[in-house]
$ cat protein_23.cif   # mmCIF, C-alpha atoms and all ligand atoms
data_target
loop_
_atom_site.label_atom_id
_atom_site.label_comp_id
_atom_site.auth_asym_id
_atom_site.auth_seq_id
_atom_site.Cartn_x
_atom_site.Cartn_y
_atom_site.Cartn_z
CA MET O 7 -29.03 6.06 -3.11
CA ALA O 8 -26.62 3.72 -1.37
CA ALA O 9 -24.00 6.45 -1.49
CA VAL O 10 -26.41 9.01 -0.07
CA LEU O 11 -27.42 6.68 2.74
CA ARG O 12 -23.78 5.89 3.51
CA LYS O 13 -22.87 9.56 3.64
CA LEU O 14 -25.84 10.48 5.78
CA ILE O 15 -25.34 7.68 8.20
CA GLN O 16 -21.57 7.98 8.48
CA GLY O 17 -21.51 11.76 8.46
CA ARG O 18 -24.55 12.81 10.40
CA LEU O 19 -25.75 9.86 12.36
CA PRO O 20 -22.67 8.00 13.56
CA ALA O 21 -24.44 6.38 16.48
CA LEU O 22 -27.14 4.98 14.25
CA ALA O 23 -24.54 3.74 11.75
CA GLY O 24 -22.70 1.92 14.52
CA VAL O 25 -25.83 0.16 15.62
CA LEU O 26 -27.09 -0.74 12.19
CA CYS O 27 -23.73 -1.92 10.93
CA ARG O 28 -22.98 -4.48 13.53
CA ARG O 29 -24.83 -7.70 13.36
CA SER O 30 -27.42 -7.80 10.72
CA GLY O 31 -26.39 -10.99 8.98
CA ASN O 32 -29.14 -9.95 6.59
CA GLU O 33 -28.77 -8.73 3.06
CA GLY O 34 -30.36 -5.43 2.14
CA HIS O 35 -33.02 -4.05 4.47
CA LEU O 36 -32.16 -1.22 6.78
CA PHE O 37 -28.82 -2.70 7.70
CA LEU O 38 -25.39 -1.78 6.49
CA ASN O 39 -22.22 -3.84 6.50
CA SER O 40 -19.22 -2.94 8.63
CA SER O 41 -17.66 -0.72 5.98
CA GLY O 42 -20.86 1.26 5.78
CA SER O 43 -21.68 0.11 2.28
CA THR O 44 -25.09 -1.36 1.62
CA LEU O 45 -25.35 -5.07 1.07
CA MET O 46 -27.85 -4.51 -1.71
CA GLN O 47 -26.92 -5.88 -5.14
CA PRO O 48 -28.54 -5.47 -8.53
CA ARG O 49 -31.13 -8.25 -9.03
CA CYS O 50 -33.29 -9.84 -11.68
CA GLY O 51 -36.68 -11.53 -11.16
CA TYR O 52 -38.44 -12.79 -8.06
CA SER O 53 -40.63 -15.62 -9.17
CA SER O 54 -41.36 -18.12 -6.48
CA PRO O 55 -41.00 -21.61 -7.99
CA THR O 56 -44.08 -23.03 -6.28
CA GLU O 57 -46.18 -19.88 -6.64
CA SER O 58 -46.85 -19.90 -2.92
CA VAL O 59 -45.64 -16.32 -2.96
CA ILE O 60 -46.92 -14.43 -5.99
CA VAL O 61 -45.14 -11.19 -6.85
CA GLU O 62 -46.52 -8.68 -9.34
CA MET O 63 -44.02 -5.92 -9.95
CA ASP O 64 -45.22 -2.58 -11.29
CA LYS O 65 -42.11 -1.39 -13.06
CA ALA O 66 -43.52 2.08 -13.61
CA THR O 67 -43.99 2.79 -9.90
CA GLY O 68 -41.46 0.39 -8.38
CA VAL O 69 -44.18 -1.14 -6.22
CA ALA O 70 -44.32 -4.91 -5.75
CA LEU O 71 -47.62 -6.56 -4.90
CA LEU O 72 -46.86 -9.70 -2.90
CA LYS O 73 -49.67 -12.22 -2.43
CA LEU O 74 -49.44 -15.16 -0.05
CA ASN O 75 -50.92 -18.13 -1.82
CA ILE O 76 -51.04 -21.26 0.33
CA PRO O 77 -54.66 -22.39 0.63
CA PRO O 78 -56.57 -23.08 2.72
CA VAL O 79 -55.32 -20.52 5.27
CA ASN O 80 -51.82 -19.24 4.33
CA SER O 81 -50.34 -20.83 7.42
CA LEU O 82 -46.68 -19.92 7.76
CA SER O 83 -44.90 -23.23 7.33
CA LEU O 84 -41.14 -23.68 7.10
CA PRO O 85 -41.19 -23.95 3.28
CA LEU O 86 -43.41 -20.85 2.97
CA LEU O 87 -41.22 -18.85 5.35
CA THR O 88 -38.12 -19.92 3.42
CA GLU O 89 -39.63 -18.94 0.11
CA LEU O 90 -40.90 -15.66 1.48
CA ALA O 91 -37.43 -14.83 2.81
CA ILE O 92 -35.92 -15.35 -0.65
CA VAL O 93 -38.55 -13.18 -2.31
CA LEU O 94 -38.14 -10.41 0.27
CA ASP O 95 -34.37 -10.41 -0.23
CA LYS O 96 -34.77 -10.13 -3.98
CA LEU O 97 -37.19 -7.24 -3.69
CA GLU O 98 -35.01 -5.52 -1.13
CA MET O 99 -32.00 -5.77 -3.37
CA ASP O 100 -33.78 -4.61 -6.52
CA LYS O 101 -32.77 -1.01 -6.91
CA HIS O 102 -35.96 -0.27 -8.85
CA CYS O 103 -38.24 -1.52 -6.10
CA ARG O 104 -39.35 1.15 -3.61
CA GLY O 105 -42.53 -0.23 -2.11
CA LEU O 106 -44.17 -3.47 -1.11
CA ILE O 107 -47.87 -4.21 -0.70
CA LEU O 108 -48.45 -7.41 1.23
CA THR O 109 -51.76 -9.20 0.76
CA SER O 110 -53.27 -12.66 0.31
CA ALA O 111 -54.42 -14.59 -2.74
CA VAL O 112 -56.60 -16.79 -0.51
CA PRO O 113 -60.17 -15.49 -0.15
CA ASN O 114 -61.12 -14.35 3.37
CA ILE O 115 -57.76 -15.19 4.95
CA PHE O 116 -54.74 -12.92 5.19
CA SER O 117 -52.75 -15.53 7.15
CA ALA O 118 -53.65 -18.02 9.90
CA GLY O 119 -50.25 -17.39 11.46
CA LEU O 120 -47.59 -19.96 12.14
CA ASN O 121 -48.26 -23.44 10.91
CA LEU O 122 -49.37 -25.35 13.99
CA PHE O 123 -47.96 -28.58 12.63
CA ASP O 124 -44.44 -27.13 12.48
CA MET O 125 -44.72 -26.71 16.25
CA MET O 126 -46.15 -30.14 17.04
CA ASP O 127 -44.58 -33.54 17.46
CA LYS O 128 -41.31 -32.65 15.78
CA PRO O 129 -37.67 -33.11 16.80
CA ASN O 130 -35.97 -30.17 18.49
CA GLU O 131 -33.84 -29.59 15.37
CA HIS O 132 -37.00 -28.88 13.43
CA TYR O 133 -38.31 -26.46 16.06
CA SER O 134 -34.98 -24.69 15.99
CA GLU O 135 -34.90 -24.37 12.19
CA PHE O 136 -38.53 -23.30 12.11
CA TRP O 137 -38.07 -20.60 14.74
CA ARG O 138 -34.97 -19.23 13.00
CA ALA O 139 -37.08 -18.91 9.83
CA VAL O 140 -39.83 -17.07 11.76
CA GLN O 141 -37.23 -14.70 13.24
CA GLU O 142 -35.75 -14.15 9.79
CA ILE O 143 -39.07 -13.05 8.29
CA TRP O 144 -39.72 -10.64 11.15
CA ILE O 145 -36.24 -9.14 10.82
CA LYS O 146 -36.61 -8.78 7.07
CA LEU O 147 -40.10 -7.28 7.18
CA TYR O 148 -39.81 -5.09 10.27
CA GLY O 149 -36.38 -3.93 9.12
CA SER O 150 -37.30 -3.52 5.47
CA SER O 151 -36.05 -0.41 3.72
CA LEU O 152 -39.06 -0.53 1.39
CA ALA O 153 -42.24 1.35 2.09
CA ASN O 154 -44.45 -1.49 3.21
CA ILE O 155 -48.25 -1.50 3.28
CA ALA O 156 -50.39 -4.43 4.41
CA ALA O 157 -53.65 -4.87 2.51
CA ILE O 158 -55.40 -7.16 4.98
CA ASN O 159 -58.08 -8.96 3.01
CA GLY O 160 -59.06 -11.57 5.57
CA SER O 161 -58.59 -12.94 9.04
CA SER O 162 -55.19 -12.42 10.50
CA PRO O 163 -54.58 -14.14 13.83
CA ALA O 164 -51.25 -14.50 15.67
CA GLY O 165 -48.32 -14.72 13.23
CA GLY O 166 -50.64 -13.36 10.52
CA CYS O 167 -51.21 -10.28 12.64
CA LEU O 168 -47.45 -10.03 13.20
CA LEU O 169 -46.86 -9.92 9.44
CA ALA O 170 -49.30 -7.03 9.17
CA LEU O 171 -47.76 -5.26 12.17
CA CYS O 172 -44.38 -5.23 10.39
CA SER O 173 -45.78 -2.92 7.72
CA ASP O 174 -45.58 0.85 7.82
CA TYR O 175 -49.33 1.17 7.26
CA ARG O 176 -52.23 -1.28 7.53
CA ILE O 177 -55.45 -1.12 5.54
CA MET O 178 -58.05 -3.76 6.33
CA ALA O 179 -61.14 -4.86 4.44
CA ASN O 180 -64.17 -3.83 6.47
CA ASN O 181 -65.78 -7.23 6.73
CA PRO O 182 -67.21 -8.08 10.18
CA HIS O 183 -66.36 -11.77 9.63
CA PHE O 184 -62.63 -11.00 9.68
CA THR O 185 -60.60 -10.88 12.88
CA ILE O 186 -57.09 -9.75 13.70
CA GLY O 187 -54.91 -9.94 16.81
CA LEU O 188 -52.22 -11.78 18.70
CA ASN O 189 -54.26 -14.65 20.16
CA GLU O 190 -51.33 -16.84 21.29
CA THR O 191 -52.46 -17.15 24.92
CA ARG O 192 -55.70 -18.72 23.73
CA LEU O 193 -53.67 -21.57 22.31
CA GLY O 194 -51.87 -21.98 25.63
CA ILE O 195 -48.66 -20.52 24.18
CA VAL O 196 -46.94 -17.19 24.75
CA ALA O 197 -46.18 -14.48 22.21
CA PRO O 198 -42.40 -13.99 22.32
CA PHE O 199 -41.01 -10.63 23.43
CA TRP O 200 -40.45 -9.37 19.91
CA PHE O 201 -44.08 -10.08 18.91
CA LYS O 202 -45.02 -8.15 22.06
CA ASP O 203 -42.66 -5.29 21.22
CA THR O 204 -44.02 -5.00 17.69
CA LEU O 205 -47.56 -4.72 19.04
CA LEU O 206 -46.47 -2.36 21.80
CA ASN O 207 -44.81 -0.02 19.29
CA THR O 208 -48.06 0.10 17.34
CA VAL O 209 -50.87 0.30 19.90
CA GLY O 210 -49.20 1.31 23.18
CA LYS O 211 -48.78 -0.39 26.52
CA ARG O 212 -52.32 -0.65 27.89
CA THR O 213 -53.82 -2.08 24.72
CA THR O 214 -50.89 -4.49 24.45
CA GLU O 215 -51.46 -5.63 28.02
CA ILE O 216 -55.13 -6.33 27.44
CA SER O 217 -54.72 -7.79 23.95
CA LEU O 218 -51.88 -10.16 24.77
CA ASN O 219 -53.16 -11.37 28.12
CA LEU O 220 -56.60 -12.11 26.73
CA GLY O 221 -55.32 -13.31 23.37
CA ALA O 222 -57.90 -10.95 21.89
CA LEU O 223 -59.03 -11.13 18.31
CA TYR O 224 -60.66 -7.94 17.05
CA SER O 225 -63.14 -7.10 14.35
CA PRO O 226 -61.91 -4.57 11.78
CA THR O 227 -63.87 -1.79 13.52
CA GLU O 228 -62.35 -2.64 16.91
CA ALA O 229 -58.88 -2.94 15.36
CA LEU O 230 -59.26 0.52 13.83
CA SER O 231 -60.31 2.04 17.14
CA LEU O 232 -57.19 0.58 18.81
CA HIS O 233 -54.90 1.72 15.95
CA LEU O 234 -54.03 -1.90 15.28
CA VAL O 235 -54.96 -1.02 11.71
CA ASP O 236 -54.85 2.45 10.20
CA ARG O 237 -57.78 2.42 7.81
CA LEU O 238 -60.81 0.35 6.81
CA VAL O 239 -62.18 0.21 3.31
CA PRO O 240 -64.76 -1.93 1.52
CA GLU O 241 -63.16 -5.18 0.36
CA THR O 242 -63.46 -4.27 -3.30
CA GLN O 243 -61.46 -1.09 -2.77
CA LEU O 244 -58.63 -2.61 -0.73
CA LEU O 245 -55.95 -2.82 -3.40
CA SER O 246 -56.74 0.55 -4.93
CA ALA O 247 -56.65 2.12 -1.46
CA ALA O 248 -53.31 0.43 -0.73
CA THR O 249 -51.88 1.61 -4.05
CA GLU O 250 -53.09 5.15 -3.43
CA GLU O 251 -51.64 5.13 0.09
CA MET O 252 -48.35 3.84 -1.28
CA GLY O 253 -48.23 6.91 -3.52
CA ARG O 254 -48.21 9.06 -0.38
CA TRP O 255 -45.28 7.12 1.12
CA LEU O 256 -43.31 7.25 -2.12
CA GLN O 257 -43.58 11.00 -2.31
CA VAL O 258 -41.03 11.12 0.50
CA PRO O 259 -37.41 10.71 -0.66
CA ASP O 260 -36.36 7.11 0.06
CA HIS O 261 -33.24 7.90 2.08
CA ALA O 262 -35.12 10.24 4.44
CA ARG O 263 -37.93 7.76 5.00
CA GLN O 264 -35.54 4.84 5.44
CA ILE O 265 -33.33 6.55 7.98
CA THR O 266 -36.38 7.78 9.88
CA LYS O 267 -37.85 4.27 9.92
CA SER O 268 -34.60 2.73 11.09
CA MET O 269 -34.28 5.27 13.91
CA ILE O 270 -37.74 4.35 15.14
CA ARG O 271 -37.39 0.57 14.80
CA LYS O 272 -33.71 -0.15 15.42
CA SER O 273 -33.85 -0.69 19.17
CA THR O 274 -36.72 -3.15 18.78
CA LEU O 275 -34.87 -4.99 16.02
CA GLU O 276 -31.72 -5.06 18.10
CA GLY O 277 -33.66 -6.62 20.93
CA LEU O 278 -33.85 -9.80 18.88
CA LEU O 279 -30.66 -9.43 16.84
CA ASN O 280 -28.68 -9.30 20.09
CA GLN O 281 -30.06 -12.61 21.31
CA ARG O 282 -31.29 -14.71 18.43
CA GLU O 283 -29.71 -17.92 19.62
CA ALA O 284 -31.03 -17.53 23.16
CA ASP O 285 -34.49 -16.83 21.75
CA ILE O 286 -34.33 -20.00 19.64
CA LYS O 287 -33.24 -21.97 22.69
CA ASN O 288 -36.15 -20.55 24.70
CA PHE O 289 -38.61 -21.41 21.97
CA VAL O 290 -37.38 -24.99 21.63
CA GLU O 291 -37.43 -25.51 25.39
CA PHE O 292 -40.94 -24.04 25.65
CA ILE O 293 -42.61 -25.63 22.65
CA SER O 294 -41.26 -29.11 23.33
CA ARG O 295 -42.80 -29.25 26.83
CA ASP O 296 -45.45 -31.95 27.16
CA SER O 297 -47.99 -29.48 28.55
CA ILE O 298 -47.51 -27.10 25.60
CA GLN O 299 -47.69 -29.92 23.09
CA LYS O 300 -50.97 -31.02 24.67
CA SER O 301 -52.39 -27.49 24.45
CA LEU O 302 -51.45 -27.26 20.78
CA GLN O 303 -52.95 -30.66 20.05
CA PHE O 304 -56.23 -29.67 21.72
CA TYR O 305 -56.26 -26.48 19.74
CA ALA O 306 -55.51 -28.13 16.38
CA GLN O 307 -58.19 -30.73 17.08
CA SER O 308 -60.70 -28.08 18.08
CA LEU O 309 -60.11 -26.31 14.76
CA GLN O 310 -60.94 -29.51 12.95
CA LYS O 311 -63.95 -30.24 15.17
CA GLN O 312 -65.42 -26.82 14.46
CA LYS O 313 -66.04 -28.03 10.96
CA GLN O 314 -68.20 -30.87 12.18
CA HIS O 315 -70.07 -29.06 14.98
CA ILE O 316 -70.30 -25.36 14.26
CA HIS O 317 -71.83 -23.79 11.21
CA PRO O 318 -69.99 -20.88 9.62
CA PRO O 319 -70.98 -17.53 11.13
CA SER O 320 -74.04 -15.95 9.61
CA SER O 321 -73.74 -12.81 7.58
CA SER O 322 -73.61 -10.05 10.15
CA CYS O 323 -73.32 -11.67 13.55
CA ARG O 324 -70.12 -10.64 15.38
CA GLN O 325 -71.15 -12.37 18.59
CA GLN O 326 -71.03 -15.69 16.82
CA ILE O 327 -67.53 -15.00 15.58
CA SER O 328 -66.35 -14.32 19.11
CA SER O 329 -67.84 -17.55 20.34
CA VAL O 330 -66.27 -19.51 17.50
CA THR O 331 -62.93 -17.90 18.32
CA PHE O 332 -63.32 -18.78 21.98
CA ALA O 333 -64.56 -22.25 21.17
CA ARG O 334 -61.28 -22.82 19.38
CA SER O 335 -59.29 -22.36 22.54
CA PRO O 336 -58.00 -25.51 24.22
CA TRP O 337 -59.45 -24.25 27.51
CA TYR O 338 -62.91 -24.28 26.00
CA SER O 339 -62.39 -27.89 24.97
CA LEU O 340 -61.43 -28.70 28.54
CA ILE O 341 -64.47 -26.89 29.95
CA GLN O 342 -66.70 -28.75 27.53
CA ARG O 343 -65.31 -32.07 28.65
CA SER O 344 -65.73 -31.47 32.35
C1 LIG O 401 -41.51 -19.25 29.64
C2 LIG O 401 -40.88 -18.48 28.58
C3 LIG O 401 -41.74 -18.30 27.39
C4 LIG O 401 -40.88 -18.17 26.23
C5 LIG O 401 -41.67 -18.07 24.98
C6 LIG O 401 -40.81 -18.42 23.89
C7 LIG O 401 -41.23 -18.60 22.71
C8 LIG O 401 -42.66 -18.46 22.31
C9 LIG O 401 -43.35 -19.75 22.15
C10 LIG O 401 -44.31 -19.93 21.29
C11 LIG O 401 -44.81 -18.85 20.42
C12 LIG O 401 -45.29 -19.41 19.13
C13 LIG O 401 -46.00 -18.37 18.35
C14 LIG O 401 -47.01 -18.69 17.57
C15 LIG O 401 -47.75 -17.70 16.77
C16 LIG O 401 -48.79 -18.32 15.85
O1 LIG O 401 -48.98 -17.82 14.80
S1 LIG O 401 -49.61 -19.72 16.37
C17 LIG O 401 -50.88 -20.00 15.18
C18 LIG O 401 -52.11 -19.33 15.65
N1 LIG O 401 -53.12 -19.37 14.63
C19 LIG O 401 -54.41 -19.45 14.94
O2 LIG O 401 -54.81 -19.48 16.07
C20 LIG O 401 -55.35 -19.50 13.77
C21 LIG O 401 -56.10 -20.77 13.75
N2 LIG O 401 -57.00 -20.84 12.59
C22 LIG O 401 -58.18 -20.21 12.58
O3 LIG O 401 -58.59 -19.52 13.48
C23 LIG O 401 -59.01 -20.45 11.35
O4 LIG O 401 -58.49 -21.55 10.65
C24 LIG O 401 -59.06 -19.24 10.39
C25 LIG O 401 -57.67 -18.76 10.02
C26 LIG O 401 -59.86 -18.09 11.02
C27 LIG O 401 -59.78 -19.69 9.09
O5 LIG O 401 -61.02 -20.24 9.40
P1 LIG O 401 -61.78 -21.12 8.30
O6 LIG O 401 -63.08 -21.53 8.91
O7 LIG O 401 -61.79 -20.44 7.01
O8 LIG O 401 -60.84 -22.39 8.09
P2 LIG O 401 -60.69 -23.66 9.05
O9 LIG O 401 -60.63 -23.26 10.46
O10 LIG O 401 -61.70 -24.67 8.66
O11 LIG O 401 -59.23 -24.16 8.64
C28 LIG O 401 -58.99 -24.79 7.39
C29 LIG O 401 -57.88 -25.79 7.59
O12 LIG O 401 -56.69 -25.09 7.93
C30 LIG O 401 -56.18 -25.62 9.16
N3 LIG O 401 -55.50 -24.55 9.88
C31 LIG O 401 -56.03 -23.44 10.35
N4 LIG O 401 -55.10 -22.67 10.95
C32 LIG O 401 -53.95 -23.33 10.87
C33 LIG O 401 -52.61 -23.06 11.32
N5 LIG O 401 -52.27 -21.96 11.97
N6 LIG O 401 -51.67 -24.01 11.05
C34 LIG O 401 -51.98 -25.14 10.40
N7 LIG O 401 -53.23 -25.44 9.95
C35 LIG O 401 -54.18 -24.55 10.19
C36 LIG O 401 -57.40 -26.16 9.89
O13 LIG O 401 -57.03 -27.08 10.83
C37 LIG O 401 -58.17 -26.74 8.74
O14 LIG O 401 -57.57 -27.98 8.41
P3 LIG O 401 -58.45 -29.19 7.88
O15 LIG O 401 -59.54 -29.43 8.91
O16 LIG O 401 -57.49 -30.32 7.78
O17 LIG O 401 -58.99 -28.74 6.56
#

$ encode --input "protein_23.cif" --output "structure tokens"
Amino acid sequence: MAAVLRKLIQGRLPALAGVLCRRSGNEGHLFLNSSGSTLMQPRCGYSSPTESVIVEMDKATGVALLKLNIPPVNSLSLPLLTELAIVLDKLEMDKHCRGLILTSAVPNIFSAGLNLFDMMDKPNEHYSEFWRAVQEIWIKLYGSSLANIAAINGSSPAGGCLLALCSDYRIMANNPHFTIGLNETRLGIVAPFWFKDTLLNTVGKRTTEISLNLGALYSPTEALSLHLVDRLVPETQLLSAATEEMGRWLQVPDHARQITKSMIRKSTLEGLLNQREADIKNFVEFISRDSIQKSLQFYAQSLQKQKQHIHPPSSSCRQQISSVTFARSPWYSLIQRS
């Protein structure tokens, strides 16, 4: 397949080859090295030593089921991001692997997004390393050559939503307690341009404007209506639906699907690849500001206080979920104090 890809890209799509060849710095994925050969190598297993990323490989179909497994909320910490990057590289480079289903082993939570504590009260070197790891995961997932389906089996705010947005297709469990969205502004922080672009490519400009400015978190039904997710199914059917959907994606010859995907995503990927260092610098400058640190501290504290003051939402009441979500914003804490 590498040879086919090389031929197609060099022979028929020279412009695309030029773009994809240049500056990946990433093994595998949709990127080629400067000679046009793939960087993929034959691989063996993908066990994650701490089991924080569980991979179940179906050798018959070539589909890997990847479960995030860091209770209580699968927050994306530096060690988890590092481990995930290794696993994704191994899958990408396994010539038998054609598809990836991303889900969570933690009940009711897909991922709580970036680990707040990696962005609080740390030296700039840590922020820099952390942000590089976040970039790396986005580049690997959004630029993956595998067919990639997210089976969203729980809440998925911020960076958790970003993980899902990197997939080719999103199926969410239809549970009104779950929410999904890029809620960064509610924490007093700003979704970087490549989070914004990933959302924009999925739901369009107007929805992106509203969602990002308000830091909106949506119920599964709302997310479906905005095309933030592609399908809802009962929780018990999530994995079978994802597996069935994967079958549809794998009916398409890999090289045709991969080249098509790269044509659609390459300019977005290049947006970051062209300025990774500047983006890291921006992040470090932004996150280390006193005002931003204060916002994050309020937010982290409000999450902990919810436990003491607010009961978990009752079975079918969406309104309550919205108020809990809002109550977790630092601005709400400020209003409460005044
Ligand atoms: C001017 C130029 C601008 C340039 C801009 C440049 C760069 C951009 C700058 C910054 C961008 C940074 C991007 C960040 C993206 C993110 O992902 S931020 C993280 C956002 N995440 C959230 O808001 C989710 C918060 N969590 C929740 O809403 C809930 O926890 C939940 C996921 C819905 C689960 O609820 P549940 O009731 O089941 O659990 P608890 O709330 O009780 O939580 C259990 C436990 O886990 C802790 N926790 C929750 N979330 C996180 C997290 N994200 N990180 C770390 N820890 C988390 C929570 O505190 C509890 O802890 P405990 O009390 O100690 O048990």

$ closest_residue --input "protein_23.cif" --among "O:Leu120, O:Ile60, O:Leu90, O:Leu84" --to "Gly165 of chain O" --atoms "all atoms listed in the file"
O:Leu120

$ closest_residue --input "protein_23.cif" --among "O:His132, O:Lys300, O:Lys287, O:Lys211" --to "ligand LIG 401 (chain O)" --atoms "all atoms listed in the file"
O:Lys287

$ residues_near_ligand --input "protein_23.cif" --ligand "ligand LIG 401 (chain O)" --cutoff "7 Å" --atoms "only C-alpha atoms and all ligand atoms" --output "PyMOL selection string"
chain O and resi 78-79+81+115+117-123+161-166+189-190+193+195-198+285+288-289+292-293+306+309-310+313+318+331

$ atom_distance --input "protein_23.cif" --atom1 "atom CA of Ile155 of chain O" --atom2 "atom CA of Arg282 of chain O"
26.3 Å

$ closest_residue --input "protein_23.cif" --among "O:Val93, O:Val258, O:Val209, O:Leu275" --to "Leu108 of chain O" --atoms "all atoms listed in the file"
O:Val93

$ closest_residue --input "protein_23.cif" --among "O:Ser273, O:Gln243, O:Asn219, O:Ser150" --to "Gly194 of chain O" --atoms "all atoms listed in the file"
O:Asn219

$ atom_distance --input "protein_23.cif" --atom1 "atom CA of Leu71 of chain O" --atom2 "atom CA of Phe184 of chain O"
21.4 Å

$ atom_distance --input "protein_23.cif" --atom1 "atom CA of Thr191 of chain O" --atom2 "atom CA of Gly210 of chain O"
18.8 Å

$ residues_around --input "protein_23.cif" --residues "Leu74 of chain O" --least-positions-apart "2" --cutoff "8 Å" --atoms "all atoms listed in the file" --output "PyMOL selection string"
chain O and resi 58-60+72+76+80+108-112+116-117

$ closest_residue --input "protein_23.cif" --among "O:Ala262, O:Leu171, O:Ala66, O:Met126" --to "Asn207 of chain O" --atoms "all atoms listed in the file"
O:Leu171
